[in-house]
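What follows is run01.tsv (TSV, C-alpha atoms).
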```tsv
chain	number	residue	atom	x	y	z
Y	87	MET	CA	-4.24	-40.96	-94.62
Y	88	ARG	CA	-3.30	-41.24	-90.96
Y	89	ILE	CA	-0.90	-38.72	-89.43
Y	90	ASN	CA	1.33	-39.93	-86.61
Y	91	MET	CA	0.95	-37.13	-84.06
Y	92	THR	CA	3.51	-38.72	-81.71
Y	93	GLN	CA	6.33	-37.05	-83.62
Y	94	PRO	CA	6.68	-33.56	-82.07
Y	95	GLY	CA	7.94	-31.84	-85.23
Y	96	LEU	CA	5.16	-33.24	-87.39
Y	97	ALA	CA	2.50	-32.45	-84.81
Y	98	LEU	CA	3.74	-28.87	-84.51
Y	99	GLY	CA	3.84	-28.49	-88.29
Y	100	VAL	CA	0.28	-29.76	-88.68
Y	101	MET	CA	-0.97	-27.46	-85.90
Y	102	LEU	CA	0.81	-24.47	-87.45
Y	103	ALA	CA	-0.65	-25.18	-90.90
Y	104	VAL	CA	-4.16	-25.58	-89.48
Y	105	GLY	CA	-3.75	-22.35	-87.50
Y	106	LEU	CA	-2.56	-20.38	-90.52
Y	107	VAL	CA	-5.39	-21.64	-92.70
Y	108	SER	CA	-8.00	-20.91	-90.04
Y	109	ALA	CA	-6.54	-17.43	-89.51
Y	110	GLY	CA	-6.88	-16.66	-93.20
Y	111	CYS	CA	-3.16	-16.91	-93.93
Y	112	GLY	CA	-3.32	-19.99	-96.10
Y	113	GLY	CA	-1.29	-18.43	-98.90
Y	114	GLY	CA	-4.43	-17.65	-100.79
Y	115	GLU	CA	-4.28	-15.94	-104.11
Y	116	LYS	CA	-4.69	-12.45	-102.61
Y	117	ASP	CA	-2.85	-12.87	-99.30
Y	118	ILE	CA	-0.17	-10.22	-99.42
Y	119	HIS	CA	0.34	-10.49	-95.65
Y	120	ALA	CA	1.29	-14.18	-95.81
Y	121	ALA	CA	3.71	-13.41	-98.65
Y	122	ALA	CA	5.22	-10.55	-96.63
Y	123	ILE	CA	5.67	-12.74	-93.55
Y	124	ALA	CA	7.34	-15.42	-95.69
Y	125	GLY	CA	9.62	-12.87	-97.37
Y	126	ASP	CA	8.25	-13.95	-100.74
Y	127	LEU	CA	9.00	-10.89	-102.84
Y	128	ALA	CA	7.98	-12.53	-106.11
Y	129	SER	CA	4.49	-13.20	-104.72
Y	130	VAL	CA	4.20	-9.68	-103.32
Y	131	LYS	CA	5.12	-8.27	-106.74
Y	132	ARG	CA	2.56	-10.48	-108.49
Y	133	LEU	CA	-0.15	-9.53	-105.99
Y	134	VAL	CA	0.54	-5.80	-106.33
Y	135	ALA	CA	0.61	-6.14	-110.12
Y	136	GLY	CA	-2.76	-7.86	-109.86
Y	137	GLY	CA	-4.24	-4.90	-108.02
Y	138	VAL	CA	-3.72	-5.74	-104.34
Y	139	ASP	CA	-3.00	-2.57	-102.36
Y	140	ILE	CA	0.62	-2.47	-101.18
Y	141	ASN	CA	-0.70	-0.80	-98.00
Y	142	LYS	CA	-3.51	-3.31	-97.40
Y	143	ARG	CA	-4.35	-3.55	-93.71
Y	144	GLY	CA	-4.50	-6.95	-92.09
Y	145	LYS	CA	-5.45	-8.08	-88.65
Y	146	LYS	CA	-4.31	-5.58	-86.05
Y	147	LYS	CA	-4.06	-2.92	-88.81
Y	148	VAL	CA	-0.62	-4.06	-89.97
Y	149	THR	CA	0.60	-3.42	-93.50
Y	150	PRO	CA	2.98	-5.67	-95.43
Y	151	LEU	CA	5.75	-3.18	-94.60
Y	152	HIS	CA	5.06	-3.63	-90.86
Y	153	LEU	CA	5.48	-7.39	-91.36
Y	154	ALA	CA	8.73	-7.05	-93.32
Y	155	ALA	CA	10.03	-4.63	-90.69
Y	156	SER	CA	9.32	-7.12	-87.94
Y	157	GLN	CA	11.41	-9.87	-89.58
Y	158	GLY	CA	14.63	-8.21	-90.70
Y	159	ASN	CA	16.38	-10.99	-92.63
Y	160	LYS	CA	17.83	-10.51	-96.13
Y	161	ARG	CA	14.63	-11.52	-97.93
Y	162	HIS	CA	12.61	-9.05	-95.87
Y	163	ILE	CA	15.16	-6.29	-96.36
Y	164	ALA	CA	14.93	-6.71	-100.16
Y	165	MET	CA	11.14	-6.79	-99.89
Y	166	ALA	CA	11.04	-3.62	-97.79
Y	167	GLU	CA	13.27	-1.86	-100.31
Y	168	TRP	CA	10.92	-2.82	-103.16
Y	169	MET	CA	7.84	-1.85	-101.16
Y	170	LEU	CA	9.29	1.56	-100.31
Y	171	ALA	CA	10.13	2.16	-103.97
Y	172	ASN	CA	6.54	1.30	-104.87
Y	173	GLY	CA	4.51	3.40	-102.48
Y	174	ALA	CA	4.52	1.60	-99.13
Y	175	ASP	CA	3.26	3.96	-96.43
Y	176	THR	CA	5.98	4.49	-93.83
Y	177	GLY	CA	3.55	6.51	-91.70
Y	178	ALA	CA	0.92	3.76	-91.38
Y	179	ARG	CA	0.16	2.91	-87.77
Y	180	ASP	CA	-0.83	-0.52	-86.50
Y	181	TYR	CA	-3.31	-1.23	-83.68
Y	182	GLN	CA	-0.65	-0.21	-81.13
Y	183	GLY	CA	0.01	3.04	-82.97
Y	184	LYS	CA	3.42	1.88	-84.24
Y	185	THR	CA	4.81	2.74	-87.65
Y	186	PRO	CA	6.94	0.25	-89.62
Y	187	LEU	CA	10.03	2.19	-88.49
Y	188	GLU	CA	9.03	1.82	-84.85
Y	189	VAL	CA	8.42	-1.91	-85.38
Y	190	ALA	CA	11.86	-2.34	-87.00
Y	191	ASN	CA	13.55	-0.41	-84.18
Y	192	ALA	CA	11.72	-2.37	-81.48
Y	193	ARG	CA	12.83	-5.66	-83.09
Y	194	GLY	CA	16.43	-4.50	-83.55
Y	195	ASN	CA	16.18	-4.69	-87.33
Y	196	THR	CA	18.58	-1.85	-88.03
Y	197	GLU	CA	18.98	-2.43	-91.79
Y	198	ILE	CA	15.25	-2.20	-92.46
Y	199	ALA	CA	14.99	0.76	-90.08
Y	200	LYS	CA	17.70	2.54	-92.08
Y	201	LEU	CA	15.84	1.83	-95.34
Y	202	ILE	CA	12.57	3.13	-93.93
Y	203	ARG	CA	14.20	6.30	-92.59
Y	204	GLY	CA	15.61	6.95	-96.07
Y	205	GLY	CA	12.38	6.02	-97.86
Y	206	ARG	CA	9.50	8.19	-98.88
Y	207	THR	CA	6.85	8.92	-96.29
Y	208	GLY	CA	3.12	8.97	-96.62
Y	209	GLY	CA	2.73	6.13	-99.09
Y	210	GLY	CA	1.83	6.58	-102.72
Y	211	GLY	CA	4.51	9.25	-103.03
Y	212	ARG	CA	5.79	7.87	-106.31
Y	213	GLN	CA	3.53	7.48	-109.31
Y	214	LEU	CA	4.51	4.36	-111.22
Y	215	ILE	CA	4.72	4.61	-114.99
Y	216	ASP	CA	2.42	1.63	-115.41
Y	217	GLY	CA	-0.63	3.12	-113.74
Y	218	GLY	CA	0.46	2.61	-110.17
Y	219	VAL	CA	0.26	-1.16	-109.85
Y	220	GLY	CA	3.91	-2.04	-110.26
Y	221	VAL	CA	3.70	-4.18	-113.40
Y	222	SER	CA	7.01	-2.93	-114.72
Y	223	GLU	CA	8.59	-3.89	-111.41
Y	224	VAL	CA	6.98	-7.32	-111.44
Y	225	LEU	CA	8.31	-8.18	-114.86
Y	226	ASP	CA	11.84	-7.37	-113.69
Y	227	PHE	CA	12.21	-10.10	-111.04
```
I need this file expressed as structure tokens, please.
Amino acid sequence: MRINMTQPGLALGVMLAVGLVSAGCGGGEKDIHAAAIAGDLASVKRLVAGGVDINKRGKKKVTPLHLAASQGNKRHIAMAEWMLANGADTGARDYQGKTPLEVANARGNTEIAKLIRGGRTGGGGRQLIDGGVGVSEVLDF
């Protein structure tokens, strides 16, 4: 198959896809960071139910909550709310020393910032009834 790279939109899309795959964000089966960036709450729930740490650190020490906080749209707000209810660490610091709250504030994402301020701090503050992996939450999409 030959791709016509003279079309700017197609060329950009191909370059973005290649970049994401080479950076390890190819939507792999255990890529909670890619799901968080995409605002894909269903995938985040499945990954957490499958044993992926909700506070897993990615490149630059960011957690999925940092990524949701940086976006701020409705999908990310719902995701942040679910993450906070399921043990996301609001005190986690990225490579710049910023917490998810500081990221949300810096990006002007006031709704997520408000959620984080009202959420539990320290991560893992709530013990889930299903052993801590969120299965009961996953089944209730």
Query raised in the report: From the list Y:Asp180, Y:Glu197, Y:Asp175, Y:Glu188, which residue is nearest Asn141 (chain Y) when using all atoms listed in the file?
Result: Y:Asp175
Query - Of the listed residues Y:Ala174, Y:Val148, Y:Ala154, Y:Ala164, that which approaches Val134 (chain Y) most closely, counting all atoms listed in the file - result: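 Smallest separation from Val134 (chain Y) among the options: Y:Ala174.
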Query - Pick from Y:Glu167, Y:Ala178, Y:Asp117, Y:Gly205, whichever lies nearest to Gly137 (chain Y) using only C-alpha atoms - result: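 Smallest distance to Gly137 (chain Y) is found for Y:Asp117.
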Report task. Write out as a VMD selection string the residues lying within 12 Å of Arg203 (chain Y), counting only C-alpha atoms and excluding same-chain residues fewer than 3 positions away. Result -> chain Y and resid 155 166 to 167 170 175 to 177 185 to 188 190 to 191 196 to 200 206 to 207
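Interatomic distance, CA of His152 (chain Y) against CA of Arg132 (chain Y): 19.1 Å.
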Query - Atomic separation - CA of Met169 (chain Y) relative to CA of Val130 (chain Y), Å - result: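 Atom-to-atom, CA of Val130 (chain Y) to CA of Met169 (chain Y), that is 8.9 Å.
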Query raised in the report: Just how far from CA of Lys131 (chain Y) is CA of Asn172 (chain Y), in Å to one decimal?
Result: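 Atom-to-atom, CA of Asn172 (chain Y) and CA of Lys131 (chain Y) are spaced 9.9 Å apart.
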Report summary line: In terms of all atoms listed in the file, the residue from Y:Gly158, Y:Gly144, Y:Pro150, Y:Gly125 at minimal distance from Tyr181 (chain Y) is Y:Gly144
Query raised in the report: Which residue out of Y:Ala128, Y:Lys145, Y:Ile118, Y:Asn159 has the minimum interatomic distance to Gln182 (chain Y) when all atoms listed in the file are used?
Result: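 Closest to Gln182 (chain Y), using all atoms listed in the file: Y:Lys145.
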